[in-house]
>>> print(open('final06.txt').read())   # compact mmCIF, C-alpha atoms
# COMPACT_ATOMS: atom_id res chain seq x y z
CA MET A 99 103.21 129.84 154.06
CA GLU A 100 104.18 131.45 157.35
CA GLN A 101 106.24 129.20 159.58
CA PRO A 102 105.62 129.03 163.36
CA ASP A 103 108.41 129.48 165.87
CA LEU A 104 110.26 126.25 166.49
CA ASP A 105 108.66 124.17 169.22
CA PRO A 106 111.05 121.29 170.00
CA ALA A 107 108.40 119.50 172.05
CA VAL A 108 106.00 119.38 169.10
CA LEU A 109 108.69 118.04 166.76
CA ASP A 110 109.87 115.49 169.30
CA ALA A 111 106.29 114.29 169.68
CA ARG A 112 106.09 113.71 165.91
CA LEU A 113 109.43 111.92 165.88
CA ALA A 114 108.39 109.79 168.84
CA ALA A 115 105.17 108.91 167.02
CA ALA A 116 107.22 107.84 164.00
CA LYS A 117 109.42 105.70 166.24
CA GLU A 118 106.40 104.06 167.84
CA ALA A 119 104.82 103.47 164.42
CA SER A 120 108.04 101.88 163.18
CA HIS A 121 107.61 99.07 165.72
CA ARG A 122 104.17 98.24 164.29
CA LEU A 123 105.41 98.43 160.71
CA ALA A 124 108.35 96.15 161.49
CA ARG A 125 105.90 93.34 162.23
CA ALA A 126 103.35 94.22 159.52
CA THR A 127 102.70 91.48 157.00
CA THR A 128 103.40 91.94 153.32
CA ALA A 129 99.65 91.81 152.69
CA GLU A 130 99.05 94.66 155.15
CA LYS A 131 101.74 96.81 153.59
CA ASP A 132 100.56 96.10 150.06
CA ALA A 133 97.00 97.02 151.01
CA ALA A 134 98.31 100.38 152.20
CA LEU A 135 100.14 100.93 148.91
CA GLU A 136 97.07 100.05 146.90
CA ARG A 137 95.04 102.54 148.92
CA ILE A 138 97.72 105.22 148.44
CA ALA A 139 97.66 104.75 144.66
CA GLY A 140 93.88 105.03 144.56
CA ASP A 141 93.81 108.08 146.83
CA LEU A 142 96.46 109.84 144.69
CA ARG A 143 94.26 109.48 141.62
CA ALA A 144 91.13 110.45 143.53
CA GLY A 145 92.86 113.51 144.99
CA ALA A 146 94.51 114.68 141.78
CA ALA A 147 92.52 117.92 141.58
CA GLU A 148 93.44 118.93 145.13
CA ILE A 149 97.08 117.99 144.57
CA ILE A 150 97.27 120.00 141.33
CA ALA A 151 95.65 123.02 142.97
CA ALA A 152 98.23 122.96 145.76
CA ASN A 153 101.01 122.43 143.24
CA ARG A 154 99.86 125.48 141.29
CA LEU A 155 100.39 127.61 144.40
CA ASP A 156 103.95 126.29 144.70
CA LEU A 157 104.66 126.87 141.00
CA ASP A 158 103.38 130.44 141.16
CA ALA A 159 105.54 131.13 144.20
CA GLY A 160 108.51 129.46 142.52
CA ARG A 161 108.25 131.68 139.46
CA ASP A 162 107.96 134.75 141.67
CA ASN A 163 111.07 133.60 143.58
CA GLY A 164 113.09 133.03 140.41
CA LEU A 165 113.31 129.23 140.37
CA THR A 166 115.08 127.93 137.29
CA ASP A 167 113.18 126.10 134.56
CA GLY A 168 114.85 122.88 135.68
CA LEU A 169 113.63 123.25 139.27
CA LEU A 170 110.16 124.27 138.10
CA ASP A 171 110.04 121.12 136.00
CA ARG A 172 111.00 119.01 139.01
CA LEU A 173 108.36 120.80 141.07
CA THR A 174 105.49 120.26 138.64
CA LEU A 175 102.77 117.68 139.24
CA ASP A 176 100.07 117.48 136.58
CA GLU A 177 97.45 114.81 136.01
CA ARG A 178 99.80 112.74 133.85
CA ARG A 179 102.57 112.77 136.45
CA ILE A 180 100.18 111.97 139.29
CA ASP A 181 98.87 109.03 137.29
CA ALA A 182 102.44 107.85 136.68
CA LEU A 183 103.18 108.30 140.38
CA ALA A 184 100.21 106.12 141.29
CA ASP A 185 101.35 103.49 138.78
CA ALA A 186 104.81 103.54 140.38
CA VAL A 187 103.21 102.91 143.78
CA LEU A 188 101.39 99.88 142.38
CA ASP A 189 104.65 98.65 140.85
CA VAL A 190 106.16 98.52 144.35
CA ILE A 191 103.44 96.07 145.37
CA SER A 192 104.86 93.58 142.85
CA LEU A 193 108.36 93.85 144.34
CA THR A 194 109.58 91.25 146.80
CA ASP A 195 109.27 92.32 150.43
CA PRO A 196 112.84 92.19 151.75
CA VAL A 197 111.92 92.03 155.44
CA GLY A 198 112.66 88.62 156.93
CA GLU A 199 114.77 87.46 153.97
CA THR A 200 117.56 85.12 155.06
CA LEU A 201 120.87 86.23 153.60
CA THR A 202 122.98 83.46 155.04
CA GLY A 203 122.66 80.74 157.63
CA ARG A 204 124.39 77.67 158.96
CA THR A 205 124.63 75.33 161.90
CA LEU A 206 127.86 75.70 163.88
CA PRO A 207 129.93 72.72 165.05
CA SER A 208 128.50 73.35 168.52
CA GLY A 209 124.99 72.73 167.19
CA VAL A 210 123.92 76.37 167.48
CA ARG A 211 122.00 77.61 164.43
CA ILE A 212 122.72 81.14 163.15
CA ASP A 213 120.88 83.06 160.43
CA GLN A 214 121.36 86.58 159.11
CA ILE A 215 118.04 88.18 158.11
CA ARG A 216 116.92 91.51 156.74
CA VAL A 217 115.15 93.90 159.13
CA PRO A 218 113.83 97.46 158.68
CA LEU A 219 116.12 100.37 159.46
CA GLY A 220 113.41 101.86 161.71
CA VAL A 221 112.79 105.57 161.12
CA VAL A 222 114.09 107.04 157.87
CA GLY A 223 114.46 110.81 157.61
CA ALA A 224 114.50 112.42 154.17
CA ILE A 225 115.48 115.97 153.21
CA TYR A 226 114.96 117.01 149.59
CA GLU A 227 114.21 120.00 147.37
CA ALA A 228 111.35 120.90 145.02
CA ARG A 229 110.53 117.26 144.25
CA PRO A 230 107.00 116.41 145.43
CA ASN A 231 107.14 113.05 143.68
CA VAL A 232 109.94 112.14 146.12
CA THR A 233 107.47 112.57 148.97
CA VAL A 234 105.53 109.60 147.64
CA ASP A 235 108.51 107.59 146.37
CA ILE A 236 110.37 107.65 149.67
CA ALA A 237 107.28 107.08 151.82
CA VAL A 238 106.12 104.13 149.74
CA LEU A 239 109.50 102.41 149.71
CA ALA A 240 109.89 103.06 153.43
CA LEU A 241 106.47 101.56 154.17
CA LYS A 242 107.01 98.48 151.99
CA SER A 243 110.33 97.83 153.75
CA GLY A 244 108.71 98.24 157.19
CA ASN A 245 110.03 101.70 158.05
CA ALA A 246 108.44 104.89 159.29
CA VAL A 247 109.47 108.10 157.53
CA VAL A 248 109.96 111.75 158.50
CA LEU A 249 109.94 114.15 155.55
CA ARG A 250 111.37 117.60 154.91
CA GLY A 251 110.42 118.43 151.34
CA GLY A 252 111.49 122.05 151.15
CA THR A 253 109.64 125.34 151.11
CA ALA A 254 109.33 125.36 147.31
CA ALA A 255 106.95 122.38 147.43
CA GLU A 256 105.34 123.04 150.80
CA HIS A 257 101.70 123.22 149.64
CA THR A 258 101.98 120.15 147.42
CA ASN A 259 103.79 118.10 150.02
CA GLY A 260 101.24 119.03 152.65
CA VAL A 261 98.45 117.50 150.59
CA LEU A 262 100.53 114.44 149.68
CA VAL A 263 101.39 113.74 153.32
CA GLU A 264 97.70 113.84 154.21
CA VAL A 265 96.97 111.38 151.39
CA LEU A 266 99.65 109.03 152.71
CA ARG A 267 98.53 109.27 156.33
CA GLY A 268 94.87 108.88 155.42
CA ALA A 269 95.58 105.74 153.40
CA LEU A 270 97.51 104.16 156.27
CA ASP A 271 94.74 104.91 158.72
CA ALA A 272 92.13 103.51 156.34
CA VAL A 273 93.82 100.10 156.23
CA GLY A 274 94.57 99.90 159.94
CA LEU A 275 98.24 100.88 159.98
CA PRO A 276 99.45 103.83 162.06
CA ALA A 277 99.20 107.20 160.31
CA GLY A 278 102.09 108.27 162.52
CA ALA A 279 104.40 106.27 160.26
CA VAL A 280 104.48 109.30 157.94
CA GLN A 281 105.56 112.59 159.52
CA THR A 282 106.66 115.96 158.18
CA VAL A 283 108.67 118.86 159.60
CA ASP A 284 107.94 121.13 156.64
CA ASP A 285 105.85 123.55 158.64
CA TYR A 286 108.95 124.47 160.69
CA GLY A 287 111.12 125.13 157.63
CA ARG A 288 114.89 125.06 158.02
CA ALA A 289 114.60 124.96 161.79
CA GLY A 290 112.59 121.76 161.43
CA ALA A 291 115.21 120.32 159.11
CA ARG A 292 117.97 121.08 161.61
CA HIS A 293 115.97 119.44 164.39
CA LEU A 294 115.52 116.36 162.21
CA MET A 295 119.26 116.23 161.49
CA GLN A 296 120.03 116.20 165.22
CA ALA A 297 117.40 113.65 166.28
CA ARG A 298 119.60 110.66 167.06
CA ASP A 299 117.16 109.36 169.67
CA TYR A 300 114.41 108.97 167.08
CA VAL A 301 115.84 108.77 163.55
CA ASP A 302 117.96 105.83 162.40
CA VAL A 303 119.21 107.17 159.07
CA LEU A 304 118.91 110.41 157.09
CA ILE A 305 118.82 110.57 153.29
CA PRO A 306 119.34 113.96 151.63
CA ARG A 307 118.29 114.19 147.99
CA GLY A 308 118.97 117.32 145.96
CA SER A 309 121.73 119.71 145.05
CA ALA A 310 125.35 119.24 146.05
CA GLY A 311 124.95 122.20 148.40
CA LEU A 312 122.00 120.64 150.21
CA ILE A 313 123.74 117.29 150.55
CA ARG A 314 126.92 118.90 151.87
CA ALA A 315 124.93 120.96 154.39
CA VAL A 316 123.22 117.84 155.70
CA VAL A 317 126.47 115.89 155.93
CA ASP A 318 128.13 118.77 157.81
CA GLU A 319 125.29 119.42 160.27
CA ALA A 320 123.72 116.02 160.89
CA ARG A 321 124.26 113.92 164.01
CA VAL A 322 122.08 111.19 162.51
CA PRO A 323 123.87 108.76 160.14
CA VAL A 324 123.60 110.02 156.53
CA ILE A 325 123.45 108.25 153.17
CA GLU A 326 124.62 110.74 150.53
CA THR A 327 122.65 110.77 147.29
CA GLY A 328 121.95 112.66 144.19
CA ALA A 329 124.41 115.27 142.97
CA GLY A 330 125.23 114.31 139.41
CA VAL A 331 128.11 115.88 137.49
CA VAL A 332 127.73 113.14 134.89
CA HIS A 333 130.23 112.44 132.07
CA MET A 334 130.19 110.74 128.70
CA PHE A 335 133.42 110.01 126.81
CA LEU A 336 133.39 109.59 123.02
CA ASP A 337 136.36 107.34 122.40
CA ALA A 338 138.35 107.41 119.15
CA SER A 339 136.29 104.49 117.81
CA ALA A 340 132.86 105.82 118.85
CA PRO A 341 130.26 105.07 116.13
CA GLU A 342 128.87 108.38 114.89
CA GLN A 343 125.17 107.52 115.12
CA TRP A 344 125.54 106.01 118.56
CA ALA A 345 127.38 109.12 119.70
CA VAL A 346 124.70 111.42 118.32
CA ASP A 347 121.82 109.45 119.83
CA LEU A 348 123.39 108.71 123.21
CA VAL A 349 124.63 112.24 123.90
CA HIS A 350 121.31 113.76 122.85
CA ASN A 351 119.26 111.37 124.99
CA ALA A 352 121.52 111.78 128.02
CA LYS A 353 121.39 115.59 127.86
CA VAL A 354 118.04 116.52 126.37
CA GLN A 355 115.44 113.94 127.42
CA ARG A 356 115.13 115.46 130.89
CA PRO A 357 117.97 117.85 131.70
CA SER A 358 116.79 118.66 135.24
CA VAL A 359 117.46 115.23 136.75
CA CYS A 360 120.59 113.89 138.39
CA ASN A 361 121.42 111.30 135.71
CA ALA A 362 121.41 113.87 132.89
CA LEU A 363 124.70 114.48 131.09
CA GLU A 364 126.69 117.53 132.22
CA THR A 365 130.12 117.06 130.58
CA LEU A 366 131.00 115.55 127.20
CA LEU A 367 134.62 114.48 126.63
CA VAL A 368 135.74 113.73 123.07
CA HIS A 369 138.90 111.93 122.00
CA ARG A 370 140.93 114.10 119.64
CA ASP A 371 140.71 111.42 116.92
CA ALA A 372 136.90 111.54 117.02
CA VAL A 373 136.53 115.31 116.82
CA ASP A 374 136.35 115.76 113.04
CA ARG A 375 134.51 112.51 112.41
CA VAL A 376 131.88 112.58 115.18
CA LEU A 377 131.63 115.87 117.04
CA PRO A 378 130.00 118.13 114.38
CA ALA A 379 126.98 115.84 114.08
CA VAL A 380 126.71 115.53 117.86
CA LEU A 381 126.76 119.31 118.32
CA ASP A 382 124.31 119.88 115.44
CA ARG A 383 121.75 117.60 117.11
CA LEU A 384 122.27 119.21 120.52
CA GLU A 385 122.02 122.78 119.24
CA ALA A 386 118.86 121.93 117.30
CA SER A 387 117.32 121.04 120.66
CA GLY A 388 118.40 124.28 122.30
CA VAL A 389 121.46 123.05 124.17
CA VAL A 390 123.95 125.78 125.09
CA ILE A 391 127.52 124.56 124.54
CA HIS A 392 130.32 125.57 126.95
CA ALA A 393 133.48 124.46 125.15
CA ASP A 394 137.25 124.45 125.33
CA ASP A 395 139.43 126.04 122.66
CA ARG A 396 139.68 122.92 120.51
CA VAL A 397 135.92 122.58 120.33
CA ARG A 398 135.47 126.30 119.71
CA ALA A 399 137.81 125.96 116.71
CA ILE A 400 134.93 124.17 114.98
CA ARG A 401 132.13 125.89 116.94
CA PRO A 402 133.28 129.49 117.46
CA ASP A 403 129.84 130.51 118.79
CA ALA A 404 130.17 128.20 121.79
CA LEU A 405 130.74 129.80 125.19
CA PRO A 406 134.20 129.39 126.73
CA VAL A 407 134.17 126.61 129.33
CA THR A 408 135.63 127.07 132.81
CA ASP A 409 136.56 124.76 135.67
CA GLU A 410 133.45 126.04 137.42
CA ASP A 411 131.37 124.77 134.48
CA PHE A 412 133.05 121.36 134.70
CA ALA A 413 132.19 121.18 138.40
CA THR A 414 128.56 122.32 137.98
CA GLU A 415 125.41 120.22 137.87
CA HIS A 416 123.54 122.55 135.52
CA MET A 417 120.13 120.82 135.60
CA SER A 418 119.42 122.76 132.41
CA LEU A 419 120.15 122.69 128.68
CA ASP A 420 123.80 123.61 129.28
CA LEU A 421 126.61 121.21 128.44
CA SER A 422 130.35 121.41 129.01
CA VAL A 423 132.41 119.94 126.14
CA ALA A 424 136.16 119.29 125.99
CA VAL A 425 138.63 117.44 123.77
CA VAL A 426 141.06 115.01 125.40
CA ASP A 427 144.15 113.40 123.90
CA SER A 428 143.66 109.91 125.33
CA ILE A 429 141.54 107.69 127.53
CA ASP A 430 144.04 108.47 130.31
CA ASP A 431 143.16 112.16 130.03
CA ALA A 432 139.45 111.34 130.04
CA LEU A 433 139.85 109.25 133.18
CA ALA A 434 141.88 112.00 134.86
CA HIS A 435 139.21 114.60 134.05
CA ILE A 436 136.48 112.37 135.47
CA ARG A 437 138.47 111.73 138.64
CA ARG A 438 138.86 115.46 139.12
CA PHE A 439 135.32 116.67 138.49
CA SER A 440 132.95 113.73 138.90
CA THR A 441 130.50 113.48 141.80
CA ARG A 442 130.74 109.67 141.44
CA HIS A 443 127.21 109.31 140.11
CA THR A 444 127.26 107.98 136.52
CA GLU A 445 129.79 107.95 133.68
CA SER A 446 129.56 106.37 130.22
CA ILE A 447 131.95 105.60 127.37
CA VAL A 448 130.94 105.29 123.71
CA THR A 449 133.39 103.02 121.95
CA ASN A 450 133.98 100.04 119.69
CA ASP A 451 137.26 99.24 121.45
CA LEU A 452 136.70 96.33 123.85
CA ALA A 453 139.93 96.97 125.75
CA ASN A 454 139.05 100.63 126.33
CA ALA A 455 135.53 99.67 127.35
CA GLU A 456 136.79 97.24 129.98
CA ARG A 457 139.39 99.70 131.21
CA PHE A 458 136.74 102.42 131.60
CA LEU A 459 134.47 100.03 133.53
CA ASN A 460 137.30 98.94 135.82
CA GLU A 461 138.94 102.32 136.51
CA VAL A 462 136.03 104.76 136.82
CA ASP A 463 135.00 104.98 140.46
CA SER A 464 131.33 105.90 140.25
CA ALA A 465 128.07 104.32 141.39
CA ALA A 466 127.13 103.44 137.80
CA VAL A 467 129.58 102.99 134.92
CA MET A 468 128.30 102.31 131.41
CA VAL A 469 129.44 101.30 127.94
CA ASN A 470 127.46 102.45 124.91
CA ALA A 471 124.39 103.40 126.94
CA SER A 472 122.71 106.64 127.94
CA THR A 473 123.36 107.83 131.48
CA ARG A 474 119.58 108.24 131.84
CA PHE A 475 119.40 104.51 132.64
CA THR A 476 120.74 105.12 136.16
CA ASP A 477 117.32 105.00 137.74
CA GLY A 478 115.58 102.73 140.19
CA ALA A 479 112.66 102.03 137.85
CA GLU A 480 114.95 101.29 134.91
CA PHE A 481 117.01 98.95 137.09
CA GLY A 482 113.85 97.10 138.12
CA PHE A 483 113.71 98.39 141.68
CA GLY A 484 110.42 100.26 141.29
CA ALA A 485 110.49 103.76 142.76
CA GLU A 486 113.79 104.81 144.29
CA VAL A 487 114.75 106.61 147.46
CA GLY A 488 117.67 108.19 145.66
CA ILE A 489 120.96 107.31 144.00
CA SER A 490 123.69 106.85 146.56
CA THR A 491 127.07 108.24 145.55
CA GLN A 492 128.88 106.93 148.62
CA LYS A 493 130.32 103.49 149.27
CA LEU A 494 129.03 102.42 152.68
CA HIS A 495 125.75 100.52 153.11
CA ALA A 496 124.31 101.37 149.68
CA ARG A 497 125.60 102.57 146.31
CA GLY A 498 123.66 103.49 143.18
CA PRO A 499 119.85 103.45 142.93
CA MET A 500 118.37 102.64 146.33
CA GLY A 501 115.34 100.39 146.37
CA LEU A 502 113.74 98.22 149.03
CA PRO A 503 116.76 96.16 150.16
CA GLU A 504 118.78 99.34 150.71
CA LEU A 505 116.20 100.45 153.29
CA THR A 506 116.93 97.43 155.44
CA SER A 507 119.70 96.40 157.80
CA THR A 508 120.36 92.91 159.10
CA LYS A 509 120.41 91.10 162.38
CA TRP A 510 121.69 87.71 163.45
CA ILE A 511 119.21 85.16 164.77
CA VAL A 512 120.82 82.57 167.03
CA ARG A 513 118.93 79.41 168.06
CA GLY A 514 120.24 77.00 170.62
CA ALA A 515 119.05 74.24 172.94
CA GLY A 516 120.75 75.03 176.20
CA HIS A 517 124.10 75.58 174.49
CA VAL A 518 126.94 77.15 176.50
CA ARG A 519 130.24 78.24 175.07
CA ALA A 520 133.11 75.92 175.85
>>> encode(input="final06.txt", output="structure tokens")
Amino acid sequence: MEQPDLDPAVLDARLAAAKEASHRLARATTAEKDAALERIAGDLRAGAAEIIAANRLDLDAGRDNGLTDGLLDRLTLDERRIDALADAVLDVISLTDPVGETLTGRTLPSGVRIDQIRVPLGVVGAIYEARPNVTVDIAVLALKSGNAVVLRGGTAAEHTNGVLVEVLRGALDAVGLPAGAVQTVDDYGRAGARHLMQARDYVDVLIPRGSAGLIRAVVDEARVPVIETGAGVVHMFLDASAPEQWAVDLVHNAKVQRPSVCNALETLLVHRDAVDRVLPAVLDRLEASGVVIHADDRVRAIRPDALPVTDEDFATEHMSLDLSVAVVDSIDDALAHIRRFSTRHTESIVTNDLANAERFLNEVDSAAVMVNASTRFTDGAEFGFGAEVGISTQKLHARGPMGLPELTSTKWIVRGAGHVRA
């Protein structure tokens, strides 16, 4: 789709409309917001044919442009995924509206009453790649938490996102909420994204969701406050006591179930004492599912057909059926490897040693740390948050899967009766 020359006035008008709409949403009742979500879910199902037709254009262009299988999978919306997306919207209706929740409150010795309550952030900007489902996820969570949203969904999904934005805006208008609460800068491409990143007068927070390169670019260029999300160089460590069947099942699920997502396994570390007992069965199951093994010399001693692993492999979020595998001599070495290469997303240990399990939980500095569980559980829906805005890998404001509360800030309400400070 040909992009027009950047017109700052047009973009500022959209951002101003989002800002104005945010004031109306901030005072919208839960019933009003839920009615909008119910309408969105119904309109997604009703518009499935149009959405799929637009998505087909994006998929065809993606293949012509050499998108990887992982990115094509993320880009795809079929009838089943649209139905699941609509169900996820309805699930958000059942979630507690965080706006107005009192976090703490007390009466001071002076008699003044203070309360800290949740309030919307205002206008949430989102920049993401080849993920049309994110268009709906972010918009719905923003709306439920009383925020307007400005979207940049990437050229790869431009046709699909265009239809989805119209569905969202139409549903808002139909229930009497401002359609201006959902805006897009997609038609201005990268220039639109840069304008969004600089729009401090209109946008309260910016959430990038995608590759490490995209997130870094946003962090480097943005003047709007940024919440970093997404990039997942995810590790699993098979400790010396790892049960064989657990190891086989957990590694396979974490890598193979959906390799293109950020909580998929990218690096497997194996304690030297578990290599002969556990690793052959793990690799057999992976290779039967088409996983390409990138391995160090100690792994290649039992799997000579594996590709040699490099530091670049260890630092790469493959988003494909590629897995880096290395043997370590101790839990200390596993922890050191994770500290060096992790993007602080999700790490898991498979073990029957309680002391090692607790040490792993305490010493690994990632948003989600697991014992004897697949890394695929790091997900807003699995955590009970409904749809998610993203998985924050930073430490300020929000960390881990971001649901409704993470799209709010707080303010202090002070009530007096003519009180003056002594």
>>> closest_residue(input="final06.txt", among="A:Pro276, A:Asp235, A:Ala269, A:Ile225", to="Glu136 (chain A)", atoms="all atoms listed in the file")
A:Ala269
>>> residues_around(input="final06.txt", residues="Asp271 (chain A)", least_positions_apart="6", cutoff="9 Å", atoms="all atoms listed in the file", output="PyMOL selection string")
chain A and resi 134+277-278
>>> atom_distance(input="final06.txt", atom1="CA of Ile489 (chain A)", atom2="CA of Val261 (chain A)")
25.6 Å
>>> residues_around(input="final06.txt", residues="Ala119 (chain A)", least_positions_apart="2", cutoff="10 Å", atoms="all atoms listed in the file", output="PyMOL selection string")
chain A and resi 113-117+121-124+220-221+244-247+275-280
>>> atom_distance(input="final06.txt", atom1="CA of Arg375 (chain A)", atom2="CA of Ser446 (chain A)")
19.5 Å
